[in-house]
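Enquirer: So here's data-v1.txt, just compact mmCIF, C-alpha atoms and all ligand atoms:
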```
# COMPACT_ATOMS: atom_id res chain seq x y z
CA MET A 238 0.00 0.00 0.00
CA THR A 239 1.44 3.39 -0.96
CA ALA A 240 1.64 6.12 1.67
CA VAL A 241 -1.13 8.10 -0.06
CA VAL A 242 -3.49 5.10 -0.12
CA ALA A 243 -2.69 4.38 3.52
CA VAL A 244 -3.52 7.95 4.53
CA GLU A 245 -6.75 7.86 2.53
CA LYS A 246 -7.78 4.58 4.15
CA MET A 247 -6.98 5.98 7.60
CA ARG A 248 -9.08 9.06 6.86
CA GLU A 249 -11.97 6.94 5.62
CA LEU A 250 -11.91 4.86 8.81
CA GLU A 251 -11.71 8.01 10.94
CA ASP A 252 -14.70 9.49 9.11
CA LEU A 253 -16.77 6.37 9.77
CA LEU A 254 -15.91 6.52 13.47
CA LEU A 255 -16.47 10.26 13.73
CA GLY A 256 -19.88 9.90 12.08
CA MET A 257 -21.00 7.23 14.54
CA CYS A 258 -19.64 9.22 17.52
CA ARG A 259 -21.50 12.33 16.32
CA ILE A 260 -24.80 10.43 16.29
CA ARG A 261 -24.16 8.96 19.75
CA ALA A 262 -23.18 12.30 21.27
CA PHE A 263 -26.04 14.14 19.55
CA GLU A 264 -28.62 11.75 20.88
CA GLN A 265 -27.23 11.55 24.39
CA ARG A 266 -27.54 15.35 24.58
CA ALA A 267 -30.96 15.33 22.92
CA LEU A 268 -32.22 12.90 25.57
CA GLU A 269 -30.88 15.14 28.33
CA LEU A 270 -32.52 18.18 26.75
CA PHE A 271 -35.79 16.23 26.52
CA ASP A 272 -35.60 15.53 30.27
CA GLU A 273 -35.00 19.25 30.80
CA LYS A 274 -38.23 19.83 28.83
CA LEU A 275 -36.38 21.76 26.14
CA VAL A 276 -37.35 19.26 23.45
CA ARG A 277 -41.08 18.94 22.78
CA GLY A 278 -42.65 15.88 21.19
CA SER A 279 -40.20 13.02 21.56
CA VAL A 280 -36.75 11.70 20.77
CA HIS A 281 -36.37 8.21 19.30
CA PRO A 282 -32.77 7.23 19.97
CA TYR A 283 -30.75 5.45 17.31
CA ILE A 284 -28.18 4.37 19.91
CA GLY A 285 -26.74 0.98 18.95
CA MET A 286 -27.72 1.35 15.29
CA GLU A 287 -25.25 4.06 14.22
CA ALA A 288 -23.33 1.77 11.86
CA ILE A 289 -26.32 1.49 9.55
CA ALA A 290 -26.80 5.19 8.79
CA ILE A 291 -23.08 5.91 8.63
CA GLY A 292 -22.25 2.84 6.53
CA VAL A 293 -25.09 3.45 4.06
CA CYS A 294 -24.55 7.20 3.73
CA ALA A 295 -20.81 6.67 3.24
CA ALA A 296 -21.75 4.83 0.04
CA LEU A 297 -23.72 7.84 -1.25
CA GLU A 298 -22.74 10.93 -3.24
CA PRO A 299 -23.88 14.45 -2.30
CA HIS A 300 -26.39 14.40 -5.19
CA ASP A 301 -28.09 11.26 -3.83
CA PHE A 302 -31.18 11.39 -1.65
CA ILE A 303 -32.54 9.68 1.45
CA THR A 304 -35.88 9.41 3.19
CA SER A 305 -36.07 8.73 6.89
CA THR A 306 -38.22 7.64 9.80
CA HIS A 307 -39.24 8.70 13.31
CA ARG A 308 -35.76 7.42 14.35
CA GLY A 309 -33.98 9.68 11.90
CA HIS A 310 -31.19 11.71 13.54
CA GLY A 311 -28.55 9.20 12.43
CA HIS A 312 -29.70 9.34 8.82
CA CYS A 313 -29.52 13.16 8.85
CA ILE A 314 -26.05 13.23 10.38
CA GLY A 315 -24.87 10.56 7.96
CA LYS A 316 -26.16 12.58 4.99
CA GLY A 317 -24.19 15.60 6.14
CA LEU A 318 -26.81 17.83 7.73
CA GLU A 319 -25.48 20.40 10.20
CA MET A 320 -25.98 19.26 13.76
CA SER A 321 -26.54 22.86 14.91
CA ARG A 322 -29.58 23.29 12.66
CA MET A 323 -30.80 19.80 13.58
CA MET A 324 -30.53 20.55 17.29
CA ALA A 325 -32.29 23.88 16.73
CA GLU A 326 -35.10 21.96 15.03
CA LEU A 327 -35.41 19.60 17.99
CA LEU A 328 -35.61 22.60 20.31
CA GLY A 329 -38.23 24.27 18.13
CA ARG A 330 -36.06 27.22 17.18
CA ALA A 331 -36.36 29.46 14.10
CA THR A 332 -32.89 28.43 12.90
CA GLY A 333 -33.87 24.76 12.65
CA TYR A 334 -34.11 23.02 9.28
CA CYS A 335 -37.90 23.40 9.26
CA GLY A 336 -37.95 26.70 11.09
CA GLY A 337 -38.57 24.88 14.35
CA LYS A 338 -41.98 23.66 13.24
CA GLY A 339 -41.06 20.09 12.35
CA GLY A 340 -39.19 18.81 15.39
CA SER A 341 -37.21 15.63 15.80
CA MET A 342 -39.39 13.45 13.57
CA HIS A 343 -39.79 15.76 10.57
CA ILE A 344 -36.38 17.06 9.62
CA THR A 345 -36.16 17.88 5.91
CA ALA A 346 -33.19 19.46 4.13
CA MET A 347 -33.44 19.38 0.34
CA GLU A 348 -30.02 21.04 0.00
CA HIS A 349 -28.49 17.92 1.56
CA GLY A 350 -30.66 15.44 -0.33
CA MET A 351 -32.73 14.76 2.77
CA LEU A 352 -36.26 14.39 1.43
CA GLY A 353 -37.81 14.12 4.84
CA ALA A 354 -38.24 12.09 7.98
CA ASP A 355 -41.72 10.77 8.60
CA ALA A 356 -43.49 9.89 11.83
CA ILE A 357 -45.92 7.71 9.88
CA VAL A 358 -44.40 4.25 9.98
CA CYS A 359 -43.20 3.46 6.43
CA GLY A 360 -44.67 6.78 5.32
CA SER A 361 -41.69 7.68 3.16
CA ALA A 362 -41.35 4.47 1.14
CA ALA A 363 -43.66 5.56 -1.67
CA LEU A 364 -42.25 9.08 -1.53
CA GLY A 365 -38.77 7.68 -2.04
CA VAL A 366 -39.82 5.56 -5.01
CA GLY A 367 -41.63 8.54 -6.54
CA ALA A 368 -38.56 10.72 -6.13
CA ALA A 369 -36.33 8.04 -7.64
CA TYR A 370 -38.62 7.62 -10.63
CA GLY A 371 -38.71 11.40 -11.08
CA LEU A 372 -34.92 11.57 -11.05
CA GLN A 373 -34.78 8.74 -13.57
CA LEU A 374 -37.21 10.57 -15.88
CA GLN A 375 -35.03 13.69 -15.64
CA GLY A 376 -32.03 11.62 -16.75
CA LYS A 377 -30.16 12.20 -13.48
CA ASP A 378 -27.94 9.50 -12.03
CA SER A 379 -29.00 10.08 -8.40
CA VAL A 380 -30.04 7.24 -6.12
CA VAL A 381 -32.64 7.36 -3.34
CA VAL A 382 -32.22 5.38 -0.12
CA VAL A 383 -35.40 4.60 1.80
CA PHE A 384 -34.73 3.80 5.46
CA PHE A 385 -37.47 1.95 7.37
CA GLY A 386 -37.87 -0.48 10.27
CA ASP A 387 -38.74 -4.14 10.75
CA GLY A 388 -42.22 -3.13 11.91
CA ALA A 389 -42.58 -0.88 8.87
CA SER A 390 -41.80 -3.80 6.56
CA ASN A 391 -45.27 -5.16 7.34
CA GLN A 392 -47.04 -2.00 6.22
CA GLY A 393 -48.94 -2.35 2.93
CA ILE A 394 -47.22 0.69 1.50
CA PHE A 395 -43.83 -1.01 1.64
CA HIS A 396 -45.06 -3.81 -0.60
CA GLU A 397 -46.69 -1.44 -3.07
CA ALA A 398 -43.57 0.72 -3.16
CA ALA A 399 -41.29 -2.30 -3.61
CA ASN A 400 -43.39 -3.66 -6.46
CA LEU A 401 -43.59 -0.32 -8.24
CA ALA A 402 -39.86 0.32 -7.79
CA ALA A 403 -39.15 -3.02 -9.45
CA VAL A 404 -41.59 -2.44 -12.29
CA LEU A 405 -40.07 1.01 -12.96
CA SER A 406 -36.47 -0.09 -12.35
CA ALA A 407 -36.35 2.95 -10.09
CA PRO A 408 -32.94 3.82 -8.58
CA VAL A 409 -33.91 2.95 -5.01
CA VAL A 410 -32.15 1.16 -2.20
CA PHE A 411 -34.54 -0.02 0.50
CA VAL A 412 -32.73 -0.26 3.83
CA CYS A 413 -34.69 -2.18 6.44
CA GLU A 414 -33.24 -1.47 9.86
CA ASN A 415 -34.18 -4.64 11.67
CA ASN A 416 -33.64 -3.64 15.28
CA GLN A 417 -35.78 -6.64 16.34
CA TRP A 418 -38.57 -4.58 17.90
CA ALA A 419 -41.46 -2.36 16.92
CA ILE A 420 -42.15 -0.56 20.21
CA SER A 421 -43.08 -3.61 22.36
CA THR A 422 -43.58 -6.19 19.59
CA PRO A 423 -40.66 -8.50 18.89
CA VAL A 424 -40.05 -9.09 15.20
CA GLU A 425 -40.79 -12.82 15.44
CA CYS A 426 -44.36 -12.00 16.57
CA SER A 427 -45.05 -9.73 13.61
CA THR A 428 -43.09 -11.21 10.74
CA SER A 429 -43.48 -14.63 9.11
CA VAL A 430 -40.01 -14.92 7.57
CA GLU A 431 -36.65 -15.15 9.29
CA ASN A 432 -35.01 -12.69 6.92
CA ILE A 433 -36.98 -9.66 5.81
CA ALA A 434 -34.51 -9.43 2.91
CA ASP A 435 -36.08 -12.62 1.51
CA ARG A 436 -39.20 -10.66 0.68
CA ALA A 437 -37.33 -9.04 -2.21
CA ILE A 438 -37.65 -12.35 -4.11
CA GLY A 439 -41.38 -11.70 -4.41
CA TYR A 440 -40.66 -8.47 -6.29
CA GLY A 441 -37.85 -9.73 -8.47
CA PHE A 442 -34.89 -7.83 -7.07
CA PRO A 443 -32.00 -8.80 -4.79
CA GLY A 444 -32.35 -8.96 -1.03
CA VAL A 445 -29.24 -8.94 1.15
CA VAL A 446 -28.78 -9.47 4.87
CA VAL A 447 -25.95 -7.55 6.51
CA ASP A 448 -24.61 -7.28 10.05
CA GLY A 449 -25.97 -3.83 10.87
CA ASN A 450 -23.45 -3.36 13.68
CA ASP A 451 -20.48 -3.65 11.34
CA VAL A 452 -20.03 -0.26 9.70
CA ARG A 453 -17.58 -1.46 7.05
CA GLU A 454 -19.80 -4.34 5.98
CA VAL A 455 -22.81 -2.02 5.78
CA LYS A 456 -20.83 0.38 3.60
CA ARG A 457 -19.68 -2.45 1.31
CA VAL A 458 -23.16 -3.92 0.83
CA ALA A 459 -24.71 -0.46 0.39
CA GLY A 460 -22.02 0.41 -2.15
CA GLU A 461 -23.02 -2.58 -4.29
CA ALA A 462 -26.71 -1.74 -4.08
CA VAL A 463 -26.10 1.94 -4.88
CA ALA A 464 -23.95 1.01 -7.89
CA ARG A 465 -26.69 -1.31 -9.13
CA ALA A 466 -29.36 1.39 -8.79
CA ARG A 467 -27.12 4.01 -10.43
CA ALA A 468 -26.44 1.71 -13.37
CA GLY A 469 -30.19 1.48 -14.06
CA ASP A 470 -30.52 -2.08 -12.77
CA GLY A 471 -33.22 -1.23 -10.23
CA PRO A 472 -33.77 -1.63 -6.52
CA THR A 473 -32.15 -3.74 -3.81
CA LEU A 474 -33.50 -4.54 -0.35
CA ILE A 475 -30.84 -4.49 2.34
CA GLU A 476 -31.82 -5.88 5.73
CA ALA A 477 -29.39 -4.56 8.33
CA LYS A 478 -29.74 -6.69 11.46
CA SER A 479 -29.13 -4.70 14.61
CA PHE A 480 -30.77 -3.97 17.94
CA ARG A 481 -32.40 -1.05 19.68
CA ILE A 482 -30.27 -0.64 22.81
CA GLY A 483 -32.41 2.00 24.49
CA ALA A 484 -36.11 2.52 25.11
CA HIS A 485 -38.37 3.05 22.09
CA SER A 486 -38.41 6.79 22.74
CA ALA A 487 -37.83 9.43 25.36
CA SER A 488 -41.56 9.54 26.03
CA THR A 489 -42.07 5.73 25.95
CA LYS A 490 -39.59 4.68 28.57
CA THR A 491 -41.22 1.41 29.66
CA ASP A 492 -39.00 -1.35 28.33
CA LEU A 493 -40.20 -4.95 28.54
CA ARG A 494 -36.90 -6.39 27.43
CA SER A 495 -34.75 -8.28 29.92
CA GLU A 496 -31.09 -7.61 30.68
CA GLU A 497 -30.46 -11.15 29.43
CA LEU A 498 -31.63 -10.03 26.00
CA LEU A 499 -29.96 -6.61 26.06
CA GLY A 500 -26.57 -7.59 27.50
CA PRO A 501 -25.16 -9.46 24.49
CA TRP A 502 -26.21 -6.61 22.18
CA ARG A 503 -24.48 -4.05 24.38
CA ALA A 504 -21.31 -6.06 23.85
CA LYS A 505 -21.89 -5.80 20.08
CA ASP A 506 -22.14 -2.00 20.25
CA PRO A 507 -21.08 -0.80 16.78
CA ILE A 508 -18.80 1.94 18.12
CA LEU A 509 -17.12 -0.36 20.61
CA ARG A 510 -16.64 -3.01 17.94
CA PHE A 511 -15.19 -0.55 15.48
CA THR A 512 -12.82 1.12 17.93
CA THR A 513 -11.59 -2.31 19.03
CA ALA A 514 -10.96 -3.28 15.41
CA LEU A 515 -9.21 0.02 14.68
CA ARG A 516 -6.92 -0.44 17.68
CA GLU A 517 -6.20 -4.13 17.21
CA ALA A 518 -6.04 -4.43 13.42
CA GLU A 519 -5.52 -0.96 11.93
CA GLY A 520 -2.84 0.52 14.15
CA PHE A 521 -4.92 3.26 15.79
CA THR A 522 -3.80 4.44 19.22
CA GLN A 523 -6.30 4.79 22.05
CA GLU A 524 -5.31 8.45 22.21
CA ARG A 525 -6.42 9.06 18.60
CA LEU A 526 -9.69 7.22 19.18
CA ASP A 527 -10.35 9.35 22.27
CA GLU A 528 -9.61 12.51 20.25
CA ILE A 529 -12.21 11.55 17.63
CA GLU A 530 -14.82 10.88 20.29
CA ALA A 531 -13.99 14.18 22.00
CA GLN A 532 -14.27 16.03 18.68
CA ALA A 533 -17.80 14.66 18.22
CA ARG A 534 -18.78 15.76 21.73
CA THR A 535 -17.32 19.24 21.20
CA GLU A 536 -19.24 19.64 17.93
CA VAL A 537 -22.45 18.57 19.64
CA GLU A 538 -21.90 21.07 22.47
CA ALA A 539 -21.50 23.82 19.86
CA ALA A 540 -24.75 22.64 18.25
CA VAL A 541 -26.57 22.78 21.60
CA ARG A 542 -25.21 26.28 22.24
CA PHE A 543 -26.32 27.42 18.76
CA ALA A 544 -29.81 26.00 19.37
CA LEU A 545 -30.17 27.50 22.86
CA ASP A 546 -29.04 30.91 21.56
CA SER A 547 -31.57 30.83 18.70
CA PRO A 548 -34.98 32.49 18.97
CA PRO A 549 -38.29 30.62 18.69
CA PRO A 550 -40.13 31.06 15.39
CA ASP A 551 -42.19 34.17 14.95
CA THR A 552 -45.91 33.50 15.46
CA ALA A 553 -46.49 34.92 11.96
CA GLU A 554 -44.69 31.82 10.65
CA ALA A 555 -47.35 29.46 12.05
CA PHE A 556 -49.15 29.13 8.73
CA THR A 557 -46.20 29.30 6.33
CA ASP A 558 -44.95 26.03 4.76
CA VAL A 559 -48.14 24.27 5.84
CA TYR A 560 -49.67 23.82 2.40
CA ALA A 561 -47.98 23.87 -0.99
CA PRO A 562 -49.19 26.78 -3.10
CA ALA A 563 -52.16 25.70 -5.21
CA ALA A 564 -53.74 27.43 -8.19
CA TRP A 565 -56.88 28.07 -6.12
CA ASN A 566 -54.95 29.33 -3.10
CA VAL A 567 -52.43 31.82 -4.44
CA ASN A 568 -51.29 34.35 -1.82
CA GLY A 569 -53.38 32.56 0.79
CA THR A 570 -56.69 33.73 -0.71
CA LEU A 571 -59.31 31.08 -1.35
CA ALA A 572 -60.63 32.04 -4.78
C1 LIG B 601 -48.86 4.18 10.44
C2 LIG B 601 -48.39 4.21 11.88
N1 LIG B 601 -48.78 3.21 12.71
C3 LIG B 601 -48.37 3.22 14.01
C4 LIG B 601 -47.55 4.21 14.47
C5 LIG B 601 -47.03 4.18 15.91
N2 LIG B 601 -45.63 3.75 15.90
C6 LIG B 601 -44.63 4.64 15.99
S1 LIG B 601 -43.12 3.90 15.91
C7 LIG B 601 -43.80 2.37 15.78
C8 LIG B 601 -42.94 1.14 15.66
C9 LIG B 601 -42.17 1.10 14.40
O1 LIG B 601 -41.35 -0.02 14.43
P1 LIG B 601 -40.20 -0.21 13.39
O2 LIG B 601 -40.71 0.05 12.02
O3 LIG B 601 -39.58 -1.51 13.65
O4 LIG B 601 -39.20 1.00 13.74
P2 LIG B 601 -38.34 1.23 15.08
O5 LIG B 601 -39.18 2.07 16.00
O6 LIG B 601 -38.02 -0.09 15.66
O7 LIG B 601 -37.13 1.96 14.62
C10 LIG B 601 -45.20 2.45 15.78
C11 LIG B 601 -46.09 1.29 15.68
C12 LIG B 601 -47.18 5.24 13.57
N3 LIG B 601 -46.38 6.22 13.96
N4 LIG B 601 -47.58 5.19 12.28
MG MG B 602 -37.90 -1.96 14.73
```
As structure tokens - that is how I would like this structure written.
Ligand SMILES: Cc1ncc(C[n+]2csc(CCOP(=O)(O)OP(=O)(O)O)c2C)c(N)n1
Ligand SMILES: [Mg+2]

Expert:
Amino acid sequence: MTAVVAVEKMRELEDLLLGMCRIRAFEQRALELFDEKLVRGSVHPYIGMEAIAIGVCAALEPHDFITSTHRGHGHCIGKGLEMSRMMAELLGRATGYCGGKGGSMHITAMEHGMLGADAIVCGSAALGVGAAYGLQLQGKDSVVVVFFGDGASNQGIFHEAANLAAVLSAPVVFVCENNQWAISTPVECSTSVENIADRAIGYGFPGVVVDGNDVREVKRVAGEAVARARAGDGPTLIEAKSFRIGAHSASTKTDLRSEELLGPWRAKDPILRFTTALREAEGFTQERLDEIEAQARTEVEAAVRFALDSPPPDTAEAFTDVYAPAAWNVNGTLA
């Protein structure tokens, strides 16, 4: 390996780690701010699943798009959104991505290719396929990633979206984040197949299972699916197997799951696994790993400060961005 390649590889590994640490630090602070009643609505932590968003988004280009879920902070950070404007959105401030009117579950940032998070379970699957088809019609080579959960994979809209994406050869990558639970329902009680990825067979496109706690594997598998979509060969369903380490949300703290179940997954923490691998197999020092983690925490503190220093939205903004302009409602007048 030449020195240049070695440096590039080192930087790539550092970026993957920094991305995961940013998500972890962002959410730990968001949960604290929720407890301080500074975040309204809820916070659905992605803790333990960071490798999925970071691995998938690392396989994307800036001109690619994603859609997200109620558990979407990781997707936004992975796609390069500014944590300061995200935190401001969570705190309902005017400087947030949606002017403080969307909150944690509705962050949208078209300039970063973030088509929107959606609190409706699987709500963005059809939107993602529509966007991908639109991009294809415009002759663009962008790809759309649709993130959704194991619970969401049983929604009718997923199956319609998957079928249509296949029929249209739309440049979509469906990423099912199988964290084994949908609030209090374990996946084996809601889903008839062992691998959700197997459902792709029914629509005629590839389905792949990946270890969702291994950021490099996620990136590799996502890279193949993105290349396939970009080449015009249609969708792929990736099932990233992981686990929700924390409670379903900050406002749904009851957790039925036993320590016996949680313990082994804590040991498979994607950040812990990656830092161990970087130290033991890639020559990273503990000092460098600590620096990266500290950098993420410092950036998050700056984001919190930015959000706390930002004003709330003006009340005059309450009705802006609510409806798209329609021919019969130009300038807010109902003709
Ligand atoms: C259409 C719809 N049904 C029910 C809900 C309530 N709800 C919110 S999150 C959730 C569980 C979703 O599970 P999964 O898709 O596995 O995502 P996870 O929360 O595990 O990330 C449910 C049922 C909702 N928001 N939308
Ligand atoms: Mg789930």

Enquirer: Residues contacting ligand MG 602 (chain B) - anything with an atom at most 6 Å away, using all atoms listed in the file - can you give me those as a ChimeraX atom specification?

Expert: /A:386-388,415-419

Enquirer: Which of these residues is nearest to Ile508 in chain A, using all atoms listed in the file: A:Asn450, A:Asn391, A:Ser361, A:Ser379?

Expert: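 The closest residue to Ile508 in chain A is A:Asn450.
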
Enquirer: Just want the residues within 8 Å of ligand LIG 601 (chain B), written as a list of chain:residue names, counting all atoms listed in the file.

Expert: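 Those within range of ligand LIG 601 (chain B) are A:His281, A:Tyr283, A:Thr306, A:His307, A:Arg308, A:Ala356, A:Ile357, A:Val358, A:Cys359, A:Gly360, A:Phe385, A:Gly386, A:Asp387, A:Gly388, A:Ala389, A:Ser390, A:Gln392, A:Glu414, A:Asn415, A:Asn416, A:Gln417, A:Trp418, A:Ala419, A:Ile420, A:Val424, A:Arg481, A:His485.
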
Enquirer: Between A:Met286, A:Ala354, A:Leu275, A:Met320, single out the one closest to Thr304 in chain A, counting all atoms listed in the file.

Expert: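 The shortest atom-to-atom distance to Thr304 in chain A comes from A:Ala354.
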
Enquirer: Within 9 Å of range 362-369 of chain A, counting only C-alpha atoms, which residues show up once you throw out same-chain ones fewer than 5 positions away? Write them as a list in words, please.

Expert: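 Once the adjacent positions are removed, what remains is Phe302, Ile303, Thr304, Ser305, Leu352, Leu374, Ser379, Val380, Val381, Val382, Val383, Phe384, Phe385, Ile394, Phe395, Glu397, Ala398, Ala399, Leu401, Ala402, Ala407, Pro408, Val409 and Phe411 of chain A.
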
Enquirer: What's the separation between CA of Pro472 in chain A and CA of Ala434 in chain A, in Å to one decimal place?

Expert: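 Spanning CA of Pro472 in chain A to CA of Ala434 in chain A is a straight-line distance of 12.3 Å.
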
Enquirer: Select, from A:Ser279, A:Tyr560, A:Ala403, A:Cys294, the residue with the minimum atom-to-atom distance to Gly471 in chain A, counting all atoms listed in the file.

Expert: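 For Gly471 in chain A, the nearest of the given residues is A:Ala403.
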
Enquirer: List as a list in words: which residues have an atom within 9 Å of (-42.4, -2.5, 24.3), counting only C-alpha atoms?

Expert: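 Residues with an atom at most 9 Å from (-42.4, -2.5, 24.3): Trp418, Ala419, Ile420, Ser421, Thr422, Pro423, Ala484, His485, Thr489, Lys490, Thr491, Asp492, Leu493 and Arg494 of chain A.
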
Enquirer: So that I can look at just that part, could you write range 492-513 of chain A with N, CA and C atoms, as a PDB file, in the first residue's frame?

Expert:
```pdb
ATOM      1  N   ASP A 492     -39.707  -0.412  29.194  1.00  0.00           N
ATOM      2  CA  ASP A 492     -39.000  -1.348  28.327  1.00  0.00           C
ATOM      3  C   ASP A 492     -39.202  -2.760  28.875  1.00  0.00           C
ATOM      4  N   LEU A 493     -39.866  -3.599  28.078  1.00  0.00           N
ATOM      5  CA  LEU A 493     -40.199  -4.948  28.541  1.00  0.00           C
ATOM      6  C   LEU A 493     -39.024  -5.909  28.424  1.00  0.00           C
ATOM      7  N   ARG A 494     -37.959  -5.456  27.795  1.00  0.00           N
ATOM      8  CA  ARG A 494     -36.898  -6.393  27.432  1.00  0.00           C
ATOM      9  C   ARG A 494     -35.942  -6.644  28.606  1.00  0.00           C
ATOM     10  N   SER A 495     -35.574  -7.904  28.774  1.00  0.00           N
ATOM     11  CA  SER A 495     -34.753  -8.284  29.919  1.00  0.00           C
ATOM     12  C   SER A 495     -33.279  -7.945  29.678  1.00  0.00           C
ATOM     13  N   GLU A 496     -32.535  -7.868  30.767  1.00  0.00           N
ATOM     14  CA  GLU A 496     -31.090  -7.612  30.683  1.00  0.00           C
ATOM     15  C   GLU A 496     -30.407  -8.765  29.944  1.00  0.00           C
ATOM     16  N   GLU A 497     -31.004  -9.962  30.101  1.00  0.00           N
ATOM     17  CA  GLU A 497     -30.463 -11.146  29.426  1.00  0.00           C
ATOM     18  C   GLU A 497     -30.452 -10.952  27.900  1.00  0.00           C
ATOM     19  N   LEU A 498     -31.488 -10.279  27.432  1.00  0.00           N
ATOM     20  CA  LEU A 498     -31.626 -10.030  26.004  1.00  0.00           C
ATOM     21  C   LEU A 498     -30.731  -8.866  25.572  1.00  0.00           C
ATOM     22  N   LEU A 499     -30.693  -7.831  26.413  1.00  0.00           N
ATOM     23  CA  LEU A 499     -29.963  -6.607  26.059  1.00  0.00           C
ATOM     24  C   LEU A 499     -28.448  -6.761  26.167  1.00  0.00           C
ATOM     25  N   GLY A 500     -28.006  -7.487  27.200  1.00  0.00           N
ATOM     26  CA  GLY A 500     -26.575  -7.595  27.504  1.00  0.00           C
ATOM     27  C   GLY A 500     -25.707  -7.952  26.313  1.00  0.00           C
ATOM     28  N   PRO A 501     -26.007  -9.069  25.626  1.00  0.00           N
ATOM     29  CA  PRO A 501     -25.161  -9.457  24.492  1.00  0.00           C
ATOM     30  C   PRO A 501     -25.118  -8.390  23.399  1.00  0.00           C
ATOM     31  N   TRP A 502     -26.208  -7.649  23.223  1.00  0.00           N
ATOM     32  CA  TRP A 502     -26.208  -6.609  22.185  1.00  0.00           C
ATOM     33  C   TRP A 502     -25.374  -5.410  22.603  1.00  0.00           C
ATOM     34  N   ARG A 503     -25.348  -5.143  23.909  1.00  0.00           N
ATOM     35  CA  ARG A 503     -24.484  -4.046  24.380  1.00  0.00           C
ATOM     36  C   ARG A 503     -23.029  -4.370  24.041  1.00  0.00           C
ATOM     37  N   ALA A 504     -22.694  -5.652  24.166  1.00  0.00           N
ATOM     38  CA  ALA A 504     -21.312  -6.060  23.850  1.00  0.00           C
ATOM     39  C   ALA A 504     -21.019  -5.921  22.356  1.00  0.00           C
ATOM     40  N   LYS A 505     -22.089  -5.933  21.541  1.00  0.00           N
ATOM     41  CA  LYS A 505     -21.888  -5.802  20.085  1.00  0.00           C
ATOM     42  C   LYS A 505     -22.046  -4.355  19.627  1.00  0.00           C
ATOM     43  N   ASP A 506     -22.028  -3.426  20.566  1.00  0.00           N
ATOM     44  CA  ASP A 506     -22.144  -1.996  20.254  1.00  0.00           C
ATOM     45  C   ASP A 506     -21.270  -1.641  19.045  1.00  0.00           C
ATOM     46  N   PRO A 507     -21.844  -1.027  18.018  1.00  0.00           N
ATOM     47  CA  PRO A 507     -21.076  -0.796  16.783  1.00  0.00           C
ATOM     48  C   PRO A 507     -19.865   0.109  16.968  1.00  0.00           C
ATOM     49  N   ILE A 508     -19.944   1.044  17.903  1.00  0.00           N
ATOM     50  CA  ILE A 508     -18.797   1.944  18.118  1.00  0.00           C
ATOM     51  C   ILE A 508     -17.686   1.191  18.843  1.00  0.00           C
ATOM     52  N   LEU A 509     -18.091   0.437  19.855  1.00  0.00           N
ATOM     53  CA  LEU A 509     -17.119  -0.362  20.614  1.00  0.00           C
ATOM     54  C   LEU A 509     -16.412  -1.361  19.693  1.00  0.00           C
ATOM     55  N   ARG A 510     -17.225  -2.027  18.868  1.00  0.00           N
ATOM     56  CA  ARG A 510     -16.644  -3.015  17.935  1.00  0.00           C
ATOM     57  C   ARG A 510     -15.662  -2.364  16.980  1.00  0.00           C
ATOM     58  N   PHE A 511     -16.040  -1.202  16.476  1.00  0.00           N
ATOM     59  CA  PHE A 511     -15.194  -0.546  15.479  1.00  0.00           C
ATOM     60  C   PHE A 511     -13.910  -0.013  16.115  1.00  0.00           C
ATOM     61  N   THR A 512     -14.028   0.586  17.297  1.00  0.00           N
ATOM     62  CA  THR A 512     -12.817   1.120  17.932  1.00  0.00           C
ATOM     63  C   THR A 512     -11.867  -0.033  18.296  1.00  0.00           C
ATOM     64  N   THR A 513     -12.426  -1.151  18.716  1.00  0.00           N
ATOM     65  CA  THR A 513     -11.587  -2.315  19.031  1.00  0.00           C
ATOM     66  C   THR A 513     -10.841  -2.775  17.778  1.00  0.00           C
TER      67      THR A 513
END
```
